[in-house]
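Visitor: For reference, the file run12.tsv (TSV, C-alpha atoms and all ligand atoms) is included below:
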chain	number	residue	atom	x	y	z
A	468	MET	CA	-123.36	-47.47	40.68
A	469	GLY	CA	-125.11	-46.59	43.97
A	470	LYS	CA	-123.52	-44.62	46.79
A	471	THR	CA	-121.81	-46.12	49.83
A	472	ALA	CA	-122.81	-45.20	53.39
A	473	LEU	CA	-121.43	-46.13	56.79
A	474	ILE	CA	-123.81	-46.32	59.77
A	475	THR	CA	-122.56	-46.42	63.35
A	476	GLY	CA	-125.28	-47.85	65.62
A	477	ILE	CA	-126.67	-49.92	62.71
A	478	ASN	CA	-128.17	-52.52	65.06
A	479	GLY	CA	-130.04	-49.87	67.08
A	480	GLN	CA	-133.61	-48.71	66.45
A	481	ASP	CA	-132.73	-45.91	64.00
A	482	GLY	CA	-129.77	-47.71	62.42
A	483	SER	CA	-131.96	-50.64	61.42
A	484	TYR	CA	-134.60	-48.45	59.71
A	485	LEU	CA	-131.92	-46.32	58.06
A	486	ALA	CA	-130.15	-49.41	56.69
A	487	GLU	CA	-133.46	-50.56	55.14
A	488	LEU	CA	-134.09	-47.12	53.63
A	489	LEU	CA	-130.60	-46.77	52.14
A	490	ILE	CA	-130.58	-50.30	50.69
A	491	GLU	CA	-133.98	-49.53	49.09
A	492	LYS	CA	-132.34	-46.45	47.55
A	493	GLY	CA	-129.54	-48.56	46.05
A	494	TYR	CA	-126.78	-47.79	48.56
A	495	THR	CA	-124.14	-50.23	49.69
A	496	VAL	CA	-124.46	-49.99	53.47
A	497	TRP	CA	-121.62	-50.67	55.87
A	498	GLY	CA	-122.36	-50.90	59.57
A	499	ILE	CA	-120.29	-51.30	62.69
A	500	LEU	CA	-121.05	-53.62	65.60
A	501	LYS	CA	-119.34	-53.37	68.95
A	502	ARG	CA	-118.30	-56.69	70.38
A	503	ASN	CA	-120.76	-58.35	72.80
A	504	SER	CA	-120.16	-61.59	74.71
A	505	VAL	CA	-123.55	-62.89	73.53
A	506	ALA	CA	-123.90	-62.60	69.77
A	507	GLU	CA	-127.41	-64.03	69.33
A	508	ASN	CA	-129.63	-61.02	70.09
A	509	GLN	CA	-127.30	-58.23	69.10
A	510	THR	CA	-128.44	-58.02	65.48
A	511	TYR	CA	-132.12	-58.95	65.84
A	512	ARG	CA	-133.25	-55.65	64.30
A	513	ILE	CA	-131.22	-56.22	61.13
A	514	ASP	CA	-131.26	-60.03	60.87
A	515	HIS	CA	-133.75	-59.78	57.97
A	516	LEU	CA	-131.04	-57.89	56.01
A	517	ARG	CA	-128.11	-60.17	56.89
A	518	ASN	CA	-128.14	-62.09	53.57
A	519	ASN	CA	-128.47	-58.93	51.48
A	520	PRO	CA	-125.21	-58.41	49.54
A	521	MET	CA	-125.66	-54.62	49.91
A	522	LEU	CA	-125.12	-54.90	53.69
A	523	LYS	CA	-121.62	-55.25	55.11
A	524	LEU	CA	-120.94	-55.50	58.85
A	525	GLU	CA	-117.61	-54.99	60.62
A	526	TYR	CA	-116.61	-54.98	64.27
A	527	ALA	CA	-115.61	-51.51	65.50
A	528	ASP	CA	-116.25	-49.28	68.48
A	529	LEU	CA	-116.57	-45.50	68.77
A	530	LEU	CA	-114.11	-45.68	71.68
A	531	ASP	CA	-111.48	-47.36	69.50
A	532	MET	CA	-110.34	-44.85	66.87
A	533	ALA	CA	-108.07	-47.37	65.14
A	534	SER	CA	-111.10	-49.55	64.45
A	535	LEU	CA	-112.91	-46.55	62.91
A	536	VAL	CA	-109.91	-45.80	60.71
A	537	ARG	CA	-109.88	-49.43	59.54
A	538	VAL	CA	-113.59	-49.41	58.64
A	539	LEU	CA	-113.42	-46.04	56.87
A	540	GLN	CA	-110.45	-47.28	54.81
A	541	LEU	CA	-112.34	-50.46	53.90
A	542	SER	CA	-115.69	-48.86	53.11
A	543	LYS	CA	-114.71	-45.49	51.56
A	544	PRO	CA	-118.16	-44.02	52.32
A	545	ALA	CA	-119.72	-41.01	50.62
A	546	GLU	CA	-122.02	-40.60	53.64
A	547	VAL	CA	-121.42	-41.38	57.32
A	548	TYR	CA	-124.35	-41.52	59.76
A	549	ASN	CA	-123.19	-41.35	63.38
A	550	LEU	CA	-126.06	-42.94	65.31
A	551	ALA	CA	-124.05	-44.88	67.90
A	552	ALA	CA	-124.36	-43.70	71.51
A	553	GLN	CA	-125.25	-44.69	75.03
A	554	SER	CA	-128.70	-43.29	74.32
A	555	HIS	CA	-130.67	-43.84	77.58
A	556	VAL	CA	-131.08	-40.65	79.62
A	557	ARG	CA	-131.85	-42.34	82.99
A	558	ILE	CA	-128.91	-44.73	82.59
A	559	SER	CA	-126.60	-41.79	81.79
A	560	PHE	CA	-126.94	-40.79	85.48
A	561	ASP	CA	-125.71	-44.27	86.50
A	562	GLN	CA	-122.91	-44.35	83.91
A	563	PRO	CA	-121.95	-40.70	83.29
A	564	VAL	CA	-118.31	-41.40	82.40
A	565	TYR	CA	-119.11	-44.15	79.89
A	566	THR	CA	-121.86	-41.94	78.46
A	567	ALA	CA	-119.40	-39.08	77.97
A	568	GLN	CA	-116.85	-41.43	76.41
A	569	SER	CA	-119.25	-43.02	73.91
A	570	THR	CA	-121.73	-40.19	73.25
A	571	ALA	CA	-119.22	-37.28	73.26
A	572	ILE	CA	-115.63	-38.48	72.73
A	573	GLY	CA	-116.84	-41.25	70.43
A	574	THR	CA	-118.12	-38.58	68.03
A	575	LEU	CA	-114.76	-36.79	68.14
A	576	ASN	CA	-112.95	-40.06	67.39
A	577	LEU	CA	-115.16	-40.52	64.34
A	578	LEU	CA	-114.72	-36.93	63.12
A	579	GLU	CA	-110.93	-37.20	63.43
A	580	ALA	CA	-110.98	-40.48	61.53
A	581	VAL	CA	-113.16	-38.94	58.78
A	582	ARG	CA	-110.89	-35.88	58.59
A	583	LEU	CA	-107.83	-38.09	58.11
A	584	ILE	CA	-109.25	-40.85	55.88
A	585	CYS	CA	-112.20	-39.51	53.85
A	586	PRO	CA	-112.60	-35.73	54.33
A	587	GLU	CA	-114.92	-35.54	51.33
A	588	ALA	CA	-117.55	-37.74	53.06
A	589	ARG	CA	-120.77	-36.12	54.30
A	590	VAL	CA	-121.40	-36.73	58.00
A	591	TYR	CA	-124.75	-36.84	59.84
A	592	GLN	CA	-124.64	-36.42	63.63
A	593	ALA	CA	-127.54	-37.74	65.75
A	594	SER	CA	-128.14	-34.70	67.91
A	595	SER	CA	-131.05	-34.59	70.33
A	596	SER	CA	-133.82	-32.42	71.76
A	597	GLU	CA	-132.42	-33.49	75.16
A	598	MET	CA	-129.76	-30.79	74.50
A	599	PHE	CA	-132.34	-28.03	75.15
A	600	GLY	CA	-133.06	-29.19	78.70
A	601	ASN	CA	-135.84	-27.09	80.21
A	602	ASN	CA	-135.34	-24.09	77.90
A	603	ILE	CA	-138.50	-23.29	75.95
A	604	ASP	CA	-139.17	-20.31	73.66
A	605	ALA	CA	-142.02	-17.95	74.64
A	606	ASP	CA	-144.42	-19.68	72.19
A	607	GLY	CA	-143.90	-23.07	73.89
A	608	TYR	CA	-141.59	-24.63	71.25
A	609	GLN	CA	-137.91	-25.52	70.97
A	610	ARG	CA	-136.18	-24.79	67.66
A	611	GLU	CA	-132.65	-24.43	66.16
A	612	THR	CA	-132.14	-21.06	67.89
A	613	THR	CA	-133.33	-22.14	71.38
A	614	PRO	CA	-130.39	-21.94	73.85
A	615	MET	CA	-129.09	-25.31	75.01
A	616	ASN	CA	-129.20	-26.07	78.73
A	617	PRO	CA	-128.85	-29.87	79.18
A	618	VAL	CA	-130.07	-31.50	82.42
A	619	SER	CA	-128.51	-34.98	82.10
A	620	PRO	CA	-125.04	-36.44	81.47
A	621	TYR	CA	-126.48	-37.70	78.16
A	622	GLY	CA	-127.66	-34.20	77.22
A	623	CYS	CA	-124.26	-32.73	78.13
A	624	ALA	CA	-122.49	-35.33	75.98
A	625	LYS	CA	-124.79	-34.61	73.02
A	626	VAL	CA	-124.13	-30.85	73.34
A	627	PHE	CA	-120.39	-31.57	73.10
A	628	SER	CA	-120.95	-33.64	69.96
A	629	TYR	CA	-123.21	-30.99	68.43
A	630	ASN	CA	-120.60	-28.28	69.05
A	631	ILE	CA	-117.59	-30.30	67.89
A	632	CYS	CA	-119.46	-31.10	64.66
A	633	ARG	CA	-120.04	-27.38	64.06
A	634	ASN	CA	-116.40	-26.68	64.94
A	635	TYR	CA	-115.10	-29.29	62.44
A	636	ARG	CA	-117.51	-27.99	59.79
A	637	ASN	CA	-116.22	-24.43	60.20
A	638	SER	CA	-112.54	-25.20	60.85
A	639	TYR	CA	-111.91	-27.84	58.20
A	640	LYS	CA	-114.76	-27.10	55.75
A	641	LEU	CA	-116.11	-30.64	56.18
A	642	PHE	CA	-119.73	-31.44	55.27
A	643	ILE	CA	-121.10	-32.22	58.75
A	644	SER	CA	-124.78	-31.72	59.65
A	645	ASN	CA	-126.65	-32.08	62.93
A	646	GLY	CA	-130.17	-33.48	62.98
A	647	ILE	CA	-131.70	-32.28	66.26
A	648	LEU	CA	-134.30	-35.00	66.55
A	649	PHE	CA	-137.12	-35.08	69.08
A	650	ASN	CA	-138.19	-38.44	70.56
A	651	HIS	CA	-138.97	-41.07	67.95
A	652	GLU	CA	-140.28	-44.52	68.59
A	653	SER	CA	-141.38	-47.79	66.96
A	654	PRO	CA	-141.84	-51.46	67.82
A	655	ARG	CA	-138.02	-51.66	67.54
A	656	ARG	CA	-137.52	-49.15	70.37
A	657	GLY	CA	-135.69	-50.52	73.42
A	658	SER	CA	-138.42	-51.60	75.84
A	659	ASN	CA	-136.86	-49.56	78.67
A	660	PHE	CA	-137.91	-46.33	76.91
A	661	VAL	CA	-141.33	-45.19	78.03
A	662	THR	CA	-143.43	-45.62	74.86
A	663	ASN	CA	-142.39	-49.20	74.23
A	664	LYS	CA	-142.48	-50.04	77.95
A	665	VAL	CA	-146.10	-48.87	78.09
A	666	ALA	CA	-147.04	-50.60	74.80
A	667	LYS	CA	-145.46	-53.89	75.86
A	668	GLU	CA	-146.90	-53.93	79.39
A	669	THR	CA	-150.38	-52.91	78.16
A	670	ALA	CA	-150.36	-55.95	75.84
A	671	LYS	CA	-149.08	-58.28	78.60
A	672	ILE	CA	-151.76	-57.08	81.05
A	673	LYS	CA	-154.47	-57.44	78.39
A	674	LEU	CA	-153.37	-61.04	77.74
A	675	GLY	CA	-153.21	-61.88	81.45
A	676	LEU	CA	-149.40	-62.19	81.45
A	677	SER	CA	-148.78	-59.31	83.87
A	678	GLU	CA	-150.71	-57.36	86.49
A	679	LYS	CA	-148.93	-54.05	86.89
A	680	LEU	CA	-147.06	-51.26	85.15
A	681	VAL	CA	-144.66	-49.19	87.28
A	682	LEU	CA	-143.53	-45.82	85.90
A	683	GLY	CA	-141.59	-42.71	86.91
A	684	ASN	CA	-142.65	-39.14	86.10
A	685	THR	CA	-146.02	-39.35	84.32
A	686	GLU	CA	-146.42	-35.55	84.06
A	687	ALA	CA	-143.50	-35.11	81.65
A	688	THR	CA	-144.50	-34.30	78.07
A	689	ARG	CA	-142.73	-35.36	74.89
A	690	ASP	CA	-143.04	-34.74	71.15
A	691	TRP	CA	-143.14	-38.33	69.91
A	692	GLY	CA	-142.75	-39.24	66.22
A	693	HIS	CA	-142.06	-42.50	64.37
A	694	ALA	CA	-138.47	-43.60	63.74
A	695	LYS	CA	-139.29	-44.53	60.12
A	696	ASP	CA	-140.22	-40.91	59.37
A	697	TYR	CA	-137.13	-39.63	61.17
A	698	VAL	CA	-134.57	-41.76	59.28
A	699	GLU	CA	-136.02	-40.28	56.06
A	700	ALA	CA	-135.20	-36.86	57.58
A	701	MET	CA	-131.60	-37.96	58.28
A	702	TRP	CA	-131.13	-38.93	54.65
A	703	MET	CA	-132.70	-35.67	53.41
A	704	ILE	CA	-130.36	-33.65	55.64
A	705	LEU	CA	-127.32	-35.18	53.92
A	706	GLN	CA	-128.76	-34.62	50.42
A	707	HIS	CA	-129.07	-30.85	51.02
A	708	ASP	CA	-126.69	-28.61	49.05
A	709	LYS	CA	-124.93	-27.40	52.19
A	710	ALA	CA	-124.13	-28.70	55.65
A	711	ASP	CA	-126.52	-27.27	58.24
A	712	ASP	CA	-128.42	-28.07	61.44
A	713	PHE	CA	-132.12	-29.01	61.49
A	714	VAL	CA	-134.74	-29.69	64.16
A	715	CYS	CA	-136.98	-32.67	63.35
A	716	SER	CA	-140.22	-33.08	65.34
A	717	THR	CA	-143.97	-33.46	64.97
A	718	GLY	CA	-144.92	-30.24	66.79
A	719	VAL	CA	-147.44	-32.21	68.88
A	720	SER	CA	-146.72	-33.04	72.50
A	721	HIS	CA	-148.42	-35.42	74.96
A	722	SER	CA	-147.84	-36.35	78.60
A	723	VAL	CA	-146.71	-39.79	79.72
A	724	GLN	CA	-150.10	-40.05	81.47
A	725	TYR	CA	-151.88	-39.41	78.14
A	726	LEU	CA	-149.72	-42.13	76.55
A	727	VAL	CA	-150.81	-44.60	79.27
A	728	ASP	CA	-154.48	-43.63	78.99
A	729	TYR	CA	-154.38	-43.95	75.18
A	730	CYS	CA	-152.86	-47.45	75.21
A	731	PHE	CA	-155.10	-48.82	77.97
A	732	GLU	CA	-158.23	-47.40	76.35
A	733	LYS	CA	-157.21	-49.04	73.06
A	734	VAL	CA	-157.35	-52.49	74.69
A	735	GLY	CA	-160.42	-51.70	76.84
A	736	LEU	CA	-158.71	-51.58	80.26
A	737	ASP	CA	-158.84	-49.03	83.10
A	738	PRO	CA	-155.24	-47.88	83.81
A	739	LYS	CA	-156.10	-46.90	87.42
A	740	LYS	CA	-156.33	-50.61	88.27
A	741	TYR	CA	-152.82	-51.43	87.04
A	742	VAL	CA	-150.51	-48.40	86.92
A	743	SER	CA	-148.39	-47.05	89.79
A	744	THR	CA	-145.23	-44.98	90.14
A	745	ALA	CA	-141.89	-45.62	91.86
A	746	ALA	CA	-138.96	-43.37	92.70
A	747	ARG	CA	-136.47	-45.67	90.97
A	748	TYR	CA	-137.69	-44.48	87.56
A	749	LEU	CA	-137.26	-40.78	88.37
A	750	ARG	CA	-134.19	-38.84	87.23
A	751	PRO	CA	-132.05	-36.65	89.55
A	752	GLU	CA	-132.97	-33.72	87.28
A	753	GLU	CA	-136.04	-33.97	85.06
A	754	LEU	CA	-136.53	-32.61	81.58
A	755	ARG	CA	-140.18	-31.62	81.84
A	756	ASP	CA	-141.53	-30.63	78.43
A	757	LEU	CA	-140.45	-31.02	74.81
A	758	LYS	CA	-142.26	-29.71	71.71
A	759	GLY	CA	-140.34	-29.00	68.53
A	760	ASP	CA	-140.82	-26.48	65.75
A	761	CYS	CA	-139.41	-28.06	62.56
A	762	THR	CA	-140.44	-25.28	60.15
A	763	LYS	CA	-136.85	-25.06	58.82
A	764	MET	CA	-136.77	-28.78	58.03
A	765	LYS	CA	-140.18	-28.70	56.33
A	766	GLU	CA	-139.57	-25.54	54.31
A	767	THR	CA	-135.95	-26.25	53.29
A	768	LEU	CA	-136.09	-30.00	52.71
A	769	GLY	CA	-139.81	-30.71	52.21
A	770	TRP	CA	-139.90	-33.32	55.01
A	771	LYS	CA	-143.33	-34.43	56.19
A	772	PRO	CA	-144.07	-37.25	58.68
A	773	LYS	CA	-146.49	-40.02	57.63
A	774	TYR	CA	-147.31	-41.29	61.14
A	775	THR	CA	-149.29	-39.59	63.91
A	776	PHE	CA	-148.85	-40.33	67.63
A	777	GLU	CA	-152.01	-42.44	67.45
A	778	THR	CA	-151.07	-44.55	64.38
A	779	MET	CA	-147.62	-45.12	65.88
A	780	MET	CA	-148.91	-46.24	69.29
A	781	ASP	CA	-151.55	-48.45	67.61
A	782	GLU	CA	-148.74	-50.18	65.69
A	783	MET	CA	-146.64	-50.64	68.85
A	784	VAL	CA	-149.44	-52.05	71.02
A	785	GLN	CA	-150.52	-54.37	68.19
A	786	TYR	CA	-146.91	-55.56	67.75
A	787	TRP	CA	-146.77	-56.72	71.38
A	788	LEU	CA	-150.30	-58.23	71.30
A	789	ASP	CA	-149.21	-60.33	68.29
A	790	PHE	CA	-145.83	-61.13	69.87
A	791	TYR	CA	-147.37	-62.52	73.07
A	792	SER	CA	-150.26	-64.27	71.27
A	793	LYS	CA	-147.96	-66.51	69.18
B	801	LIG	P1	-130.33	-47.13	70.26
B	801	LIG	O1	-131.44	-48.01	69.79
B	801	LIG	O2	-129.97	-47.10	71.71
B	801	LIG	O3	-129.02	-47.52	69.41
B	801	LIG	C1	-127.74	-47.12	69.79
B	801	LIG	C2	-126.73	-47.87	68.94
B	801	LIG	O4	-125.40	-47.45	69.30
B	801	LIG	C3	-126.75	-49.40	69.12
B	801	LIG	O5	-126.57	-49.98	67.87
B	801	LIG	C4	-125.53	-49.66	70.00
B	801	LIG	O6	-125.00	-50.95	69.85
B	801	LIG	C5	-124.58	-48.60	69.43
B	801	LIG	N1	-123.45	-48.27	70.31
B	801	LIG	C6	-123.50	-47.87	71.60
B	801	LIG	N2	-122.26	-47.59	72.05
B	801	LIG	C7	-121.40	-47.84	71.02
B	801	LIG	C8	-120.00	-47.77	70.87
B	801	LIG	N3	-119.21	-47.40	71.87
B	801	LIG	N4	-119.45	-48.10	69.67
B	801	LIG	C9	-120.25	-48.51	68.65
B	801	LIG	N5	-121.58	-48.61	68.74
B	801	LIG	C10	-122.15	-48.28	69.92
B	801	LIG	O7	-130.60	-45.61	69.82
B	801	LIG	P2	-131.60	-45.03	68.71
B	801	LIG	O8	-132.92	-44.75	69.36
B	801	LIG	O9	-131.52	-45.84	67.47
B	801	LIG	O10	-130.94	-43.59	68.45
B	801	LIG	C11	-129.91	-43.42	67.48
B	801	LIG	C12	-129.10	-42.18	67.82
B	801	LIG	O11	-129.97	-41.04	67.82
B	801	LIG	C13	-128.45	-42.20	69.20
B	801	LIG	O12	-127.22	-41.49	69.09
B	801	LIG	C14	-129.41	-41.41	70.08
B	801	LIG	O13	-128.73	-40.84	71.16
B	801	LIG	C15	-129.90	-40.37	69.08
B	801	LIG	N6	-131.24	-39.85	69.31
B	801	LIG	C16	-132.27	-40.70	69.48
B	801	LIG	C17	-133.56	-40.19	69.65
B	801	LIG	C18	-134.74	-41.11	69.82
B	801	LIG	O14	-135.79	-40.62	70.28
B	801	LIG	N7	-134.64	-42.38	69.45
B	801	LIG	C19	-133.77	-38.79	69.63
B	801	LIG	C20	-132.68	-37.96	69.44
B	801	LIG	C21	-131.41	-38.49	69.26
B	801	LIG	P3	-125.44	-52.14	70.90
B	801	LIG	O15	-126.94	-52.23	70.84
B	801	LIG	O16	-124.74	-53.34	70.38
B	801	LIG	O17	-124.98	-51.67	72.25
B	802	LIG	O1	-138.64	-42.71	76.88
B	802	LIG	P1	-137.68	-41.93	77.70
B	802	LIG	O2	-136.69	-42.70	78.50
B	802	LIG	O3	-136.99	-40.90	76.70
B	802	LIG	P2	-136.17	-39.56	76.96
B	802	LIG	O4	-135.60	-39.50	78.32
B	802	LIG	O5	-137.04	-38.41	76.56
B	802	LIG	O6	-134.96	-39.73	75.93
B	802	LIG	C1	-135.17	-40.17	74.59
B	802	LIG	O7	-135.42	-39.06	73.78
B	802	LIG	C2	-134.32	-38.16	73.61
B	802	LIG	C3	-134.79	-37.04	72.68
B	802	LIG	O8	-135.30	-35.97	73.46
B	802	LIG	C4	-133.16	-38.92	73.00
B	802	LIG	F1	-132.13	-38.10	72.77
B	802	LIG	C5	-132.75	-40.04	73.95
B	802	LIG	O9	-131.68	-40.80	73.34
B	802	LIG	C6	-133.93	-40.97	74.17
B	802	LIG	O10	-134.20	-41.61	72.95
B	802	LIG	O11	-138.49	-41.00	78.71
B	802	LIG	C7	-139.50	-40.10	78.26
B	802	LIG	C8	-140.19	-39.49	79.47
B	802	LIG	C9	-139.22	-38.91	80.50
B	802	LIG	O12	-139.70	-37.68	80.97
B	802	LIG	C10	-139.22	-39.91	81.62
B	802	LIG	O13	-138.93	-39.33	82.89
B	802	LIG	O14	-140.90	-40.53	80.16
B	802	LIG	C11	-140.65	-40.40	81.54
B	802	LIG	N1	-140.88	-41.72	82.16
B	802	LIG	C12	-141.84	-41.98	83.09
B	802	LIG	N2	-141.78	-43.25	83.48
B	802	LIG	C13	-140.18	-42.84	81.95
B	802	LIG	C14	-140.75	-43.81	82.80
B	802	LIG	N3	-139.14	-43.12	81.14
B	802	LIG	C15	-138.65	-44.39	81.15
B	802	LIG	N4	-137.62	-44.69	80.31
B	802	LIG	N5	-139.16	-45.37	81.96
B	802	LIG	C16	-140.22	-45.13	82.81
B	802	LIG	O15	-140.66	-46.01	83.54
Could you quickly redo this structure as structure tokens?

Guide:
Amino acid sequence: MGKTALITGINGQDGSYLAELLIEKGYTVWGILKRNSVAENQTYRIDHLRNNPMLKLEYADLLDMASLVRVLQLSKPAEVYNLAAQSHVRISFDQPVYTAQSTAIGTLNLLEAVRLICPEARVYQASSSEMFGNNIDADGYQRETTPMNPVSPYGCAKVFSYNICRNYRNSYKLFISNGILFNHESPRRGSNFVTNKVAKETAKIKLGLSEKLVLGNTEATRDWGHAKDYVEAMWMILQHDKADDFVCSTGVSHSVQYLVDYCFEKVGLDPKKYVSTAARYLRPEELRDLKGDCTKMKETLGWKPKYTFETMMDEMVQYWLDFYSK
């Protein structure tokens, strides 16, 4: 019989790809949904899996520990992937308290529930390169040993979760691992994150459905990989023989301006005619540059990404061209 996994954040970008991957591997996958007043769009990323008997969905919320206890008792998972969070950095400045509750205390609620109900389960925590803030090692990379210096409420909340996971691992000998993942994208990315915003608006402008793209800081650089490659890394981290922390990245970094130029060139348009900037998309404190060194992940677990920045952005722009051409 296959293993059982529980995914929090199953209807998010990563949760949807991870559910597909685990079902392919023969897992029974349980996922939690938090209650929304409108049900129709909430599960669009996993609707293609809804009739699969290996997928089981339950209502629960990271803020409601009793609901987590209930789902852990029902599902008895061997592996728990904690992907749920208020994950938007800019929005974390507007909603810092909610971000701390969901992205920090929510993790603690889950760890306590695991400790009480299924302490033998392996736990994956979705940690983030946002935790490093503007700290960069002398060679230009961030890695597992780079000091953390978060510059957003979201980053601060993720540092709490990272540390409480290490504390529970050491205190209670639980199998809890952090994946410190750099930015990863896909056509399923929320379209208020910069890659999918640019891909979507490029397609709309190309098809005559829009005339402008307004952005924030276009000088920032990010290490962008594909979410499909990164959910494979999550699974590999929990198959390792001991709980540990791993950076996952491509090691290649581009500016937001390069991202814009790449997408517009792909559809044969001049970005200077359409792109402008506005203060409303800036953050009170900016994280300028991210570039990850994932040597530990590659050498210990044998992880290797299949996508490049270019093949990923090609897929995303094409997705929106097809979407708006229907
Ligand atoms: P996402 O698309 O924003 O998905 C977040 C998920 O969390 C959604 O399913 C959301 O449900 C759920 N959620 C939010 N608050 C919740 C709560 N209180 N209780 C239960 N569920 C809740 O994020 P993602 O890109 O897939 O990222 C997955 C995780 O990795 C997140 O923790 C993120 O912070 C972290 N991470 C992401 C990246 C990246 O580049 N994508 C990099 C490093 C780390 P609703 O949609 O119904 O609200
Ligand atoms: O796409 P972003 O919003 O991603 P950000 O802030 O790097 O956060 C993402 O990656 C983190 C990993 O490091 C995750 F933990 C987090 O959950 C999330 O998935 O912005 C990327 C860059 C930033 O420098 C931002 O200032 O793009 C810049 N940017 C410029 N114009 C913009 C825009 N970002 C957004 N969202 N919208 C703009 O119009």

Visitor: Wanna dump the chain A-ligand LIG 801 (chain B) contacts at 6 Å for me, each residue with its shortest atom pair and the distance in Å to one decimal, counting only C-alpha atoms and all ligand atoms, ordered by chain and number, as a Markdown table?

Guide:
| residue | atom | partner | partner_atom | distance |
| --- | --- | --- | --- | --- |
| A:Thr475 | CA | B:LIG801 | N5 | 5.9 |
| A:Gly476 | CA | B:LIG801 | O5 | 3.4 |
| A:Ile477 | CA | B:LIG801 | O5 | 5.2 |
| A:Asn478 | CA | B:LIG801 | O5 | 4.1 |
| A:Gly479 | CA | B:LIG801 | O3 | 3.5 |
| A:Gln480 | CA | B:LIG801 | O9 | 3.7 |
| A:Asp481 | CA | B:LIG801 | O9 | 3.7 |
| A:Gly482 | CA | B:LIG801 | O9 | 5.7 |
| A:Leu500 | CA | B:LIG801 | N5 | 5.9 |
| A:Lys501 | CA | B:LIG801 | C9 | 5.0 |
| A:Gln509 | CA | B:LIG801 | O16 | 5.7 |
| A:Asp528 | CA | B:LIG801 | N4 | 3.6 |
| A:Leu529 | CA | B:LIG801 | N4 | 4.0 |
| A:Leu530 | CA | B:LIG801 | N3 | 5.4 |
| A:Leu550 | CA | B:LIG801 | C12 | 4.0 |
| A:Ala551 | CA | B:LIG801 | O4 | 3.2 |
| A:Ala552 | CA | B:LIG801 | C6 | 4.3 |
| A:Gln553 | CA | B:LIG801 | C6 | 5.0 |
| A:Ser554 | CA | B:LIG801 | O13 | 4.0 |
| A:Ser569 | CA | B:LIG801 | N3 | 4.8 |
| A:Ala593 | CA | B:LIG801 | O11 | 4.6 |
| A:Ser594 | CA | B:LIG801 | C21 | 5.2 |
| A:Ser595 | CA | B:LIG801 | C20 | 3.8 |
| A:Leu648 | CA | B:LIG801 | C20 | 4.4 |
| A:Phe649 | CA | B:LIG801 | C19 | 5.0 |
| A:Asn650 | CA | B:LIG801 | O14 | 3.3 |
| A:His651 | CA | B:LIG801 | O14 | 4.0 |

Visitor: Which residues of chain A sit at most 8 Å from ligand LIG 802 (chain B), using all atoms listed in the file? Give each one's shortest atom pair and distance in Å (one decimal place), in chain and ascending residue order, as a Markdown table.

Guide:
| residue | atom | partner | partner_atom | distance |
| --- | --- | --- | --- | --- |
| A:Gln553 | CA | B:LIG802 | O9 | 7.7 |
| A:Ser554 | CA | B:LIG802 | O9 | 4.0 |
| A:His555 | CA | B:LIG802 | O9 | 5.3 |
| A:Val556 | CA | B:LIG802 | O4 | 4.8 |
| A:Arg557 | CA | B:LIG802 | O2 | 6.6 |
| A:Ser594 | CA | B:LIG802 | F1 | 7.1 |
| A:Ser595 | CA | B:LIG802 | F1 | 4.4 |
| A:Ser596 | CA | B:LIG802 | O8 | 4.2 |
| A:Glu597 | CA | B:LIG802 | O8 | 4.2 |
| A:Met598 | CA | B:LIG802 | O8 | 7.7 |
| A:Tyr621 | CA | B:LIG802 | O9 | 7.7 |
| A:Gly622 | CA | B:LIG802 | F1 | 7.4 |
| A:Leu648 | CA | B:LIG802 | C3 | 6.5 |
| A:Phe649 | CA | B:LIG802 | C3 | 4.7 |
| A:Asn650 | CA | B:LIG802 | C3 | 4.2 |
| A:His651 | CA | B:LIG802 | O10 | 6.9 |
| A:Asn659 | CA | B:LIG802 | N4 | 5.2 |
| A:Phe660 | CA | B:LIG802 | O1 | 3.7 |
| A:Val661 | CA | B:LIG802 | O1 | 3.8 |
| A:Thr662 | CA | B:LIG802 | O1 | 6.0 |
| A:Asn663 | CA | B:LIG802 | O1 | 8.0 |
| A:Lys664 | CA | B:LIG802 | N5 | 7.0 |
| A:Val681 | CA | B:LIG802 | O15 | 6.3 |
| A:Leu682 | CA | B:LIG802 | O15 | 3.7 |
| A:Gly683 | CA | B:LIG802 | N2 | 3.5 |
| A:Asn684 | CA | B:LIG802 | C12 | 4.2 |
| A:Thr685 | CA | B:LIG802 | C12 | 5.1 |
| A:Glu686 | CA | B:LIG802 | O12 | 7.7 |
| A:Ala687 | CA | B:LIG802 | O12 | 4.6 |
| A:Thr688 | CA | B:LIG802 | O12 | 6.5 |
| A:Arg689 | CA | B:LIG802 | C7 | 6.7 |
| A:Val723 | CA | B:LIG802 | O14 | 5.9 |
| A:Thr744 | CA | B:LIG802 | N2 | 7.7 |
| A:Tyr748 | CA | B:LIG802 | O15 | 5.2 |
| A:Leu749 | CA | B:LIG802 | O13 | 5.9 |
| A:Arg750 | CA | B:LIG802 | O13 | 6.4 |
| A:Glu753 | CA | B:LIG802 | O13 | 6.5 |
| A:Leu754 | CA | B:LIG802 | O12 | 6.0 |
| A:Arg755 | CA | B:LIG802 | O12 | 6.1 |
| A:Asp756 | CA | B:LIG802 | O12 | 7.7 |
| A:Leu757 | CA | B:LIG802 | O8 | 7.3 |

Visitor: Would you give me, as CSV, each residue of stretch 734-782 of chain A having an atom within 10 Å of an atom of stretch 695-706 of chain A, along with its shortest atom pair and that distance in Å to one decimal, using only C-alpha atoms and sorting by chain and residue number?

Guide:
residue,atom,partner,partner_atom,distance
A:Met764,CA,A:Ala700,CA,8.2
A:Lys765,CA,A:Ala700,CA,9.6
A:Thr767,CA,A:Ile704,CA,9.6
A:Leu768,CA,A:Met703,CA,6.6
A:Gly769,CA,A:Met703,CA,8.8
A:Trp770,CA,A:Ala700,CA,6.4
A:Lys771,CA,A:Asp696,CA,7.9
A:Pro772,CA,A:Asp696,CA,5.4
A:Lys773,CA,A:Asp696,CA,6.6
A:Tyr774,CA,A:Asp696,CA,7.3
